[in-house]
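Engineer: My structure is stored as structure-v1.pdb, with PDB, C-alpha atoms and all ligand atoms.
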ATOM      1  CA  MET P 181     102.672  87.679  86.121  1.00  0.00           C
ATOM      2  CA  TYR P 182     104.296  87.843  89.585  1.00  0.00           C
ATOM      3  CA  SER P 183     107.255  89.871  88.254  1.00  0.00           C
ATOM      4  CA  ALA P 184     105.033  92.238  86.266  1.00  0.00           C
ATOM      5  CA  ILE P 185     102.788  93.044  89.224  1.00  0.00           C
ATOM      6  CA  LEU P 186     105.779  93.415  91.566  1.00  0.00           C
ATOM      7  CA  VAL P 187     107.394  95.879  89.108  1.00  0.00           C
ATOM      8  CA  VAL P 188     104.179  97.940  88.884  1.00  0.00           C
ATOM      9  CA  HIS P 189     103.737  97.850  92.694  1.00  0.00           C
ATOM     10  CA  SER P 190     107.343  98.968  93.166  1.00  0.00           C
ATOM     11  CA  VAL P 191     107.163 101.816  90.605  1.00  0.00           C
ATOM     12  CA  LEU P 192     103.741 102.954  91.842  1.00  0.00           C
ATOM     13  CA  ARG P 193     105.366 103.426  95.276  1.00  0.00           C
ATOM     14  CA  TRP P 194     107.161 106.489  93.815  1.00  0.00           C
ATOM     15  CA  VAL P 195     103.947 107.944  92.360  1.00  0.00           C
ATOM     16  CA  VAL P 196     102.206 107.460  95.719  1.00  0.00           C
ATOM     17  CA  LEU P 197     105.127 108.994  97.650  1.00  0.00           C
ATOM     18  CA  VAL P 198     105.440 112.048  95.378  1.00  0.00           C
ATOM     19  CA  LEU P 199     101.684 112.667  95.577  1.00  0.00           C
ATOM     20  CA  ALA P 200     101.793 112.223  99.378  1.00  0.00           C
ATOM     21  CA  VAL P 201     104.531 114.854  99.687  1.00  0.00           C
ATOM     22  CA  VAL P 202     102.710 117.251  97.326  1.00  0.00           C
ATOM     23  CA  VAL P 203      99.289 117.012  99.017  1.00  0.00           C
ATOM     24  CA  THR P 204     100.804 117.224 102.520  1.00  0.00           C
ATOM     25  CA  ALA P 205     102.942 120.252 101.585  1.00  0.00           C
ATOM     26  CA  ARG P 206     100.012 122.009  99.883  1.00  0.00           C
ATOM     27  CA  ALA P 207      97.814 121.424 102.943  1.00  0.00           C
ATOM     28  CA  PHE P 208     100.550 122.747 105.250  1.00  0.00           C
ATOM     29  CA  MET P 209     101.183 125.869 103.151  1.00  0.00           C
ATOM     30  CA  GLY P 210      97.480 126.414 102.549  1.00  0.00           C
ATOM     31  CA  LEU P 211      96.793 126.323 106.273  1.00  0.00           C
ATOM     32  CA  ARG P 212      99.753 128.547 107.182  1.00  0.00           C
ATOM     33  CA  GLY P 213      99.131 131.089 104.432  1.00  0.00           C
ATOM     34  CA  GLY P 214      95.346 131.186 104.840  1.00  0.00           C
ATOM     35  CA  ARG P 215      94.954 130.188 101.174  1.00  0.00           C
ATOM     36  CA  PRO P 216      91.512 128.992 100.013  1.00  0.00           C
ATOM     37  CA  PHE P 217      91.099 125.236  99.421  1.00  0.00           C
ATOM     38  CA  GLU P 218      91.310 125.187  95.625  1.00  0.00           C
ATOM     39  CA  ALA P 219      89.951 122.788  92.995  1.00  0.00           C
ATOM     40  CA  ARG P 220      93.583 121.699  92.474  1.00  0.00           C
ATOM     41  CA  ASP P 221      93.845 120.621  96.126  1.00  0.00           C
ATOM     42  CA  ALA P 222      90.736 118.475  95.704  1.00  0.00           C
ATOM     43  CA  LYS P 223      92.012 116.989  92.411  1.00  0.00           C
ATOM     44  CA  LEU P 224      95.436 116.135  93.827  1.00  0.00           C
ATOM     45  CA  GLY P 225      93.785 114.592  96.903  1.00  0.00           C
ATOM     46  CA  GLY P 226      91.643 112.441  94.575  1.00  0.00           C
ATOM     47  CA  ALA P 227      94.703 111.382  92.548  1.00  0.00           C
ATOM     48  CA  PHE P 228      96.534 110.447  95.775  1.00  0.00           C
ATOM     49  CA  LEU P 229      93.552 108.415  97.009  1.00  0.00           C
ATOM     50  CA  GLY P 230      93.269 106.632  93.634  1.00  0.00           C
ATOM     51  CA  ALA P 231      96.992 105.809  93.564  1.00  0.00           C
ATOM     52  CA  VAL P 232      96.897 104.448  97.147  1.00  0.00           C
ATOM     53  CA  HIS P 233      93.844 102.304  96.390  1.00  0.00           C
ATOM     54  CA  ALA P 234      95.505 100.924  93.234  1.00  0.00           C
ATOM     55  CA  GLN P 235      98.618 100.154  95.311  1.00  0.00           C
ATOM     56  CA  VAL P 236      96.521  98.276  97.871  1.00  0.00           C
ATOM     57  CA  VAL P 237      94.733  96.246  95.166  1.00  0.00           C
ATOM     58  CA  LEU P 238      98.087  95.256  93.618  1.00  0.00           C
ATOM     59  CA  GLY P 239      99.439  94.502  97.100  1.00  0.00           C
ATOM     60  CA  LEU P 240      96.458  92.235  97.833  1.00  0.00           C
ATOM     61  CA  VAL P 241      96.943  90.373  94.537  1.00  0.00           C
ATOM     62  CA  LEU P 242     100.608  89.823  95.428  1.00  0.00           C
ATOM     63  CA  HIS P 243      99.773  88.878  98.993  1.00  0.00           C
ATOM     64  CA  LEU P 244      96.897  86.479  98.305  1.00  0.00           C
ATOM     65  CA  ALA P 245      97.875  84.967  94.981  1.00  0.00           C
ATOM     66  CA  LEU P 246     101.347  85.613  93.586  1.00  0.00           C
ATOM     67  CA  SER P 247     104.068  86.177  96.160  1.00  0.00           C
ATOM     68  CA  PRO P 248     106.011  83.036  97.107  1.00  0.00           C
ATOM     69  CA  ILE P 249     107.025  84.837 100.312  1.00  0.00           C
ATOM     70  CA  THR P 250     103.496  85.407 101.598  1.00  0.00           C
ATOM     71  CA  SER P 251     102.365  81.917 100.427  1.00  0.00           C
ATOM     72  CA  ALA P 252     105.197  80.420 102.463  1.00  0.00           C
ATOM     73  CA  ALA P 253     104.155  82.535 105.439  1.00  0.00           C
ATOM     74  CA  MET P 254     100.479  81.608 105.143  1.00  0.00           C
ATOM     75  CA  ALA P 255     101.375  77.898 104.919  1.00  0.00           C
ATOM     76  CA  SER P 256     102.720  78.121 108.457  1.00  0.00           C
ATOM     77  CA  MET P 257     101.831  81.354 110.238  1.00  0.00           C
ATOM     78  CA  GLY P 258     103.334  80.243 113.564  1.00  0.00           C
ATOM     79  CA  ALA P 259     106.759  79.700 112.039  1.00  0.00           C
ATOM     80  CA  ALA P 260     106.396  82.867 109.920  1.00  0.00           C
ATOM     81  CA  MET P 261     105.933  84.985 113.051  1.00  0.00           C
ATOM     82  CA  ARG P 262     109.378  83.912 114.243  1.00  0.00           C
ATOM     83  CA  ASP P 263     111.010  84.828 110.927  1.00  0.00           C
ATOM     84  CA  LYS P 264     111.691  88.556 110.500  1.00  0.00           C
ATOM     85  CA  THR P 265     111.363  88.573 106.682  1.00  0.00           C
ATOM     86  CA  LEU P 266     108.221  86.441 106.546  1.00  0.00           C
ATOM     87  CA  ARG P 267     106.621  88.454 109.366  1.00  0.00           C
ATOM     88  CA  PHE P 268     107.409  91.746 107.680  1.00  0.00           C
ATOM     89  CA  TRP P 269     105.846  90.786 104.338  1.00  0.00           C
ATOM     90  CA  SER P 270     102.904  88.752 105.602  1.00  0.00           C
ATOM     91  CA  VAL P 271     101.813  90.948 108.537  1.00  0.00           C
ATOM     92  CA  GLU P 272     103.611  94.276 108.995  1.00  0.00           C
ATOM     93  CA  HIS P 273     103.657  95.475 105.370  1.00  0.00           C
ATOM     94  CA  LEU P 274     100.059  94.336 104.858  1.00  0.00           C
ATOM     95  CA  ALA P 275      98.780  95.991 108.060  1.00  0.00           C
ATOM     96  CA  MET P 276     100.562  99.276 107.403  1.00  0.00           C
ATOM     97  CA  GLY P 277      99.331  99.356 103.789  1.00  0.00           C
ATOM     98  CA  LEU P 278      95.738  98.954 104.973  1.00  0.00           C
ATOM     99  CA  ILE P 279      96.242 101.654 107.630  1.00  0.00           C
ATOM    100  CA  VAL P 280      97.518 104.016 104.911  1.00  0.00           C
ATOM    101  CA  ALA P 281      94.416 103.341 102.799  1.00  0.00           C
ATOM    102  CA  VAL P 282      92.108 104.060 105.757  1.00  0.00           C
ATOM    103  CA  LEU P 283      93.983 107.253 106.732  1.00  0.00           C
ATOM    104  CA  VAL P 284      93.885 108.647 103.195  1.00  0.00           C
ATOM    105  CA  THR P 285      90.240 107.713 102.603  1.00  0.00           C
ATOM    106  CA  VAL P 286      89.085 109.208 105.923  1.00  0.00           C
ATOM    107  CA  ALA P 287      91.206 112.346 105.425  1.00  0.00           C
ATOM    108  CA  ARG P 288      89.722 112.957 101.986  1.00  0.00           C
ATOM    109  CA  VAL P 289      86.132 112.492 103.122  1.00  0.00           C
ATOM    110  CA  ARG P 290      86.639 114.606 106.265  1.00  0.00           C
ATOM    111  CA  SER P 291      88.427 117.330 104.327  1.00  0.00           C
ATOM    112  CA  LYS P 292      85.571 117.450 101.782  1.00  0.00           C
ATOM    113  CA  ARG P 293      82.971 117.745 104.540  1.00  0.00           C
ATOM    114  CA  ALA P 294      84.848 120.380 106.577  1.00  0.00           C
ATOM    115  CA  PRO P 295      82.870 123.599 107.099  1.00  0.00           C
ATOM    116  CA  ASP P 296      85.623 126.006 105.994  1.00  0.00           C
ATOM    117  CA  ASP P 297      88.837 126.131 103.974  1.00  0.00           C
ATOM    118  CA  ALA P 298      91.195 126.210 106.973  1.00  0.00           C
ATOM    119  CA  GLN P 299      89.659 122.994 108.322  1.00  0.00           C
ATOM    120  CA  LYS P 300      89.775 121.387 104.884  1.00  0.00           C
ATOM    121  CA  HIS P 301      93.542 122.018 104.813  1.00  0.00           C
ATOM    122  CA  GLN P 302      93.965 120.919 108.410  1.00  0.00           C
ATOM    123  CA  ARG P 303      92.142 117.608 108.015  1.00  0.00           C
ATOM    124  CA  ALA P 304      94.052 116.902 104.804  1.00  0.00           C
ATOM    125  CA  LEU P 305      97.345 117.778 106.518  1.00  0.00           C
ATOM    126  CA  VAL P 306      96.803 115.429 109.466  1.00  0.00           C
ATOM    127  CA  GLY P 307      95.522 112.422 107.469  1.00  0.00           C
ATOM    128  CA  TYR P 308      97.859 112.704 104.475  1.00  0.00           C
ATOM    129  CA  GLY P 309     100.811 113.575 106.715  1.00  0.00           C
ATOM    130  CA  PHE P 310     100.337 110.482 108.913  1.00  0.00           C
ATOM    131  CA  ALA P 311      99.836 108.313 105.815  1.00  0.00           C
ATOM    132  CA  LEU P 312     103.156 109.618 104.457  1.00  0.00           C
ATOM    133  CA  LEU P 313     104.951 108.762 107.721  1.00  0.00           C
ATOM    134  CA  VAL P 314     103.459 105.249 107.824  1.00  0.00           C
ATOM    135  CA  MET P 315     104.511 104.670 104.204  1.00  0.00           C
ATOM    136  CA  LEU P 316     108.051 105.836 104.905  1.00  0.00           C
ATOM    137  CA  ALA P 317     108.141 103.278 107.743  1.00  0.00           C
ATOM    138  CA  MET P 318     106.664 100.377 105.726  1.00  0.00           C
ATOM    139  CA  ILE P 319     108.741 100.634 102.551  1.00  0.00           C
ATOM    140  CA  PRO P 320     111.595  98.084 102.390  1.00  0.00           C
ATOM    141  CA  TRP P 321     114.284 100.760 101.841  1.00  0.00           C
ATOM    142  CA  PRO P 322     117.757  99.438 100.913  1.00  0.00           C
ATOM    143  CA  PHE P 323     119.190 100.489 104.295  1.00  0.00           C
ATOM    144  CA  ARG P 324     116.646  98.335 106.205  1.00  0.00           C
ATOM    145  CA  LYS P 325     118.266  95.245 107.721  1.00  0.00           C
ATOM    146  CA  VAL P 326     117.048  91.845 106.425  1.00  0.00           C
ATOM    147  CA  ILE P 327     113.968  93.125 104.552  1.00  0.00           C
ATOM    148  CA  GLY P 328     115.757  95.933 102.618  1.00  0.00           C
ATOM    149  CA  ARG P 329     115.345  96.000  98.842  1.00  0.00           C
ATOM    150  CA  SER P 330     116.633  98.171  96.015  1.00  0.00           C
ATOM    151  CA  VAL P 331     114.819 101.422  95.214  1.00  0.00           C
ATOM    152  CA  LEU P 332     114.346  99.946  91.731  1.00  0.00           C
ATOM    153  CA  PRO P 333     111.851  97.082  91.278  1.00  0.00           C
ATOM    154  CA  THR P 334     113.342  93.770  92.492  1.00  0.00           C
ATOM    155  CA  PRO P 335     112.678  91.794  89.237  1.00  0.00           C
ATOM    156  CA  MET P 336     114.490  94.478  87.213  1.00  0.00           C
ATOM    157  CA  VAL P 337     117.448  94.519  89.587  1.00  0.00           C
ATOM    158  CA  SER P 338     117.775  90.726  89.681  1.00  0.00           C
ATOM    159  CA  ALA P 339     117.565  90.545  85.851  1.00  0.00           C
ATOM    160  CA  HIS P 340     121.033  92.167  85.613  1.00  0.00           C
TER     161      HIS P 340
HETATM  162  C1  LIG P 401      99.981 101.430 100.406  1.00  0.00           C
HETATM  163  C2  LIG P 401     101.222 101.579 100.151  1.00  0.00           C
HETATM  164  C3  LIG P 401     102.224 100.499  99.764  1.00  0.00           C
HETATM  165  C4  LIG P 401     103.490 100.767  99.377  1.00  0.00           C
HETATM  166  C5  LIG P 401     104.144 102.144  99.261  1.00  0.00           C
HETATM  167  C6  LIG P 401     104.130  99.491  99.091  1.00  0.00           C
HETATM  168  C7  LIG P 401     105.442  99.348  98.657  1.00  0.00           C
HETATM  169  C8  LIG P 401     106.057  98.156  98.346  1.00  0.00           C
HETATM  170  C9  LIG P 401     107.403  98.021  97.876  1.00  0.00           C
HETATM  171  C10 LIG P 401     108.379  99.162  97.642  1.00  0.00           C
HETATM  172  C11 LIG P 401     107.646  96.691  97.661  1.00  0.00           C
HETATM  173  C12 LIG P 401     108.944  96.048  97.160  1.00  0.00           C
HETATM  174  C13 LIG P 401     108.910  95.927  95.658  1.00  0.00           C
HETATM  175  C14 LIG P 401     110.176  95.286  95.129  1.00  0.00           C
HETATM  176  O1  LIG P 401     110.699  94.350  95.722  1.00  0.00           O
HETATM  177  O2  LIG P 401     110.633  95.726  94.065  1.00  0.00           O
HETATM  178  C15 LIG P 401     106.434  95.971  97.998  1.00  0.00           C
HETATM  179  C16 LIG P 401     106.255  94.622  97.903  1.00  0.00           C
HETATM  180  C17 LIG P 401     105.124  93.945  98.299  1.00  0.00           C
HETATM  181  N1  LIG P 401     103.969  94.490  98.803  1.00  0.00           N
HETATM  182 FE1  LIG P 401     103.602  96.469  99.070  1.00  0.00          FE
HETATM  183  N2  LIG P 401     103.237  98.466  99.309  1.00  0.00           N
HETATM  184  C18 LIG P 401     102.052  99.034  99.738  1.00  0.00           C
HETATM  185  C19 LIG P 401     100.904  98.345 100.101  1.00  0.00           C
HETATM  186  C20 LIG P 401     100.778  96.977 100.154  1.00  0.00           C
HETATM  187  C21 LIG P 401      99.621  96.246 100.652  1.00  0.00           C
HETATM  188  C22 LIG P 401      98.358  96.881 101.240  1.00  0.00           C
HETATM  189  C23 LIG P 401      99.902  94.921 100.517  1.00  0.00           C
HETATM  190  C24 LIG P 401      99.082  93.704 100.857  1.00  0.00           C
HETATM  191  C25 LIG P 401      97.815  93.683 100.892  1.00  0.00           C
HETATM  192  C26 LIG P 401     101.221  94.802  99.945  1.00  0.00           C
HETATM  193  C27 LIG P 401     101.837  93.608  99.664  1.00  0.00           C
HETATM  194  C28 LIG P 401     103.098  93.467  99.122  1.00  0.00           C
HETATM  195  C29 LIG P 401     103.705  92.198  98.796  1.00  0.00           C
HETATM  196  C30 LIG P 401     103.072  90.805  99.001  1.00  0.00           C
HETATM  197  C31 LIG P 401     104.965  92.495  98.266  1.00  0.00           C
HETATM  198  C32 LIG P 401     105.974  91.547  97.642  1.00  0.00           C
HETATM  199  C33 LIG P 401     106.626  90.496  98.439  1.00  0.00           C
HETATM  200  C34 LIG P 401     107.443  89.673  97.451  1.00  0.00           C
HETATM  201  O3  LIG P 401     108.556  90.058  97.094  1.00  0.00           O
HETATM  202  O4  LIG P 401     106.944  88.606  97.021  1.00  0.00           O
HETATM  203  N3  LIG P 401     101.717  96.065  99.736  1.00  0.00           N
HETATM  204  N4  LIG P 401     105.481  96.873  98.425  1.00  0.00           N
END
Would you mind giving the structure from this file in structure tokens?
Ligand code: HEM

Structural biologist:
Amino acid sequence: MYSAILVVHSVLRWVVLVLAVVVTARAFMGLRGGRPFEARDAKLGGAFLGAVHAQVVLGLVLHLALSPITSAAMASMGAAMRDKTLRFWSVEHLAMGLIVAVLVTVARVRSKRAPDDAQKHQRALVGYGFALLVMLAMIPWPFRKVIGRSVLPTPMVSAH
């Protein structure tokens, strides 16, 4: 169960990232080109929000129930804070994931409620753009020291 959820969480990262780039780029170009806020913008924003929420739910299941790393951290939070790996997974990754969810949710609601198309694009651009930056910072990319992981799901990589 742990491996399956970790694989889905890892693969879903790519779906979330691609959608983040698409919605941010569309908002930027829409604002610059004075293009109306189209039904497609709203649909893609909804898909992005749904993917982020699914990612957070899977992350919470890993964090609270399945991950041996976060269980070890929660067993002794004081010691975990002094360990870079345990601190990253039990605090930093969790906090940034929740911030992403808030940014995307608020951006979508504010964009929907904006009085005109330019402001719809602008609110989407700011919220989705910041969410993208936070995600780029929170992902354990292979080049990150200590916490770095493969761009493929860990259970698949370690199976070889
Ligand atoms: C919102 C965007 C998020 C992204 C893009 C993301 C991305 C990732 C990635 C790439 C991994 C490594 C997967 C692997 O090793 O193959 C991972 C692992 C993990 N994530 Fe997230 N995550 C997000 C949100 C969250 C949240 C909100 C939580 C907690 C509530 C969370 C908890 C975890 C845990 C516990 C692990 C696994 C640690 C272990 O190896 O046992 N994630 N995440």

Engineer: How would you report the residues lying within 8 Å of ligand LIG 401 (chain P), as a PyMOL selection string, if you count all atoms listed in the file?

Structural biologist: chain P and resi 182+186-187+189-194+196-197+232-233+235-244+246-250+269-270+273-278+280-281+315-316+318-321+329-336

Engineer: Rounded to one decimal, what separation in Å do you get between atom CA of P:Val201 and atom CA of P:Val188?

Structural biologist: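 For atom CA of P:Val201 relative to atom CA of P:Val188, the distance reads 20.1 Å.
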
Engineer: Determine the residue membership of the PyMOL selection byres (((chain P and resi 202) around 12) and not hetatm) for the file above and supply it as a ChimeraX atom specification.

Structural biologist: /P:195-201,203-210,220-221,223-225,227-228,304-305,308-309,312

Engineer: Name the residues captured by the PyMOL selection byres (((chain P and resi 300) around 10) and not hetatm) when it is applied to the shown file; answer as a ChimeraX atom specification.

Structural biologist: /P:207,210-211,216-217,221-222,287-299,301-305

Engineer: Separation of atom CA of P:Thr285 and atom CA of P:Gly307, in Å?

Structural biologist: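 Interatomic distance, atom CA of P:Thr285 to atom CA of P:Gly307: 8.6 Å.
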
Engineer: Please determine, counting all atoms listed in the file, which residue among P:Val337, P:Val284, P:Ile327, P:Ala245 has the shortest atom-to-atom distance to P:Gly230.

Structural biologist: P:Val284

Engineer: If you take every atom of stretch 209-227 of chain P that the file lists and fit an axis-aligned box around them with 4 Å extra on each side, what centre and edge lengths come out in Å to one decimal, as AutoDock Vina command-line options?

Structural biologist:
--center_x 95.6 --center_y 121.3 --center_z 99.8 --size_x 19.2 --size_y 27.8 --size_z 22.8

Engineer: What does the structure give for the distance between atom CA of P:Phe310 and atom CA of P:Gly213, in Å to one decimal?

Structural biologist: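 These atoms are spaced 21.1 Å apart.
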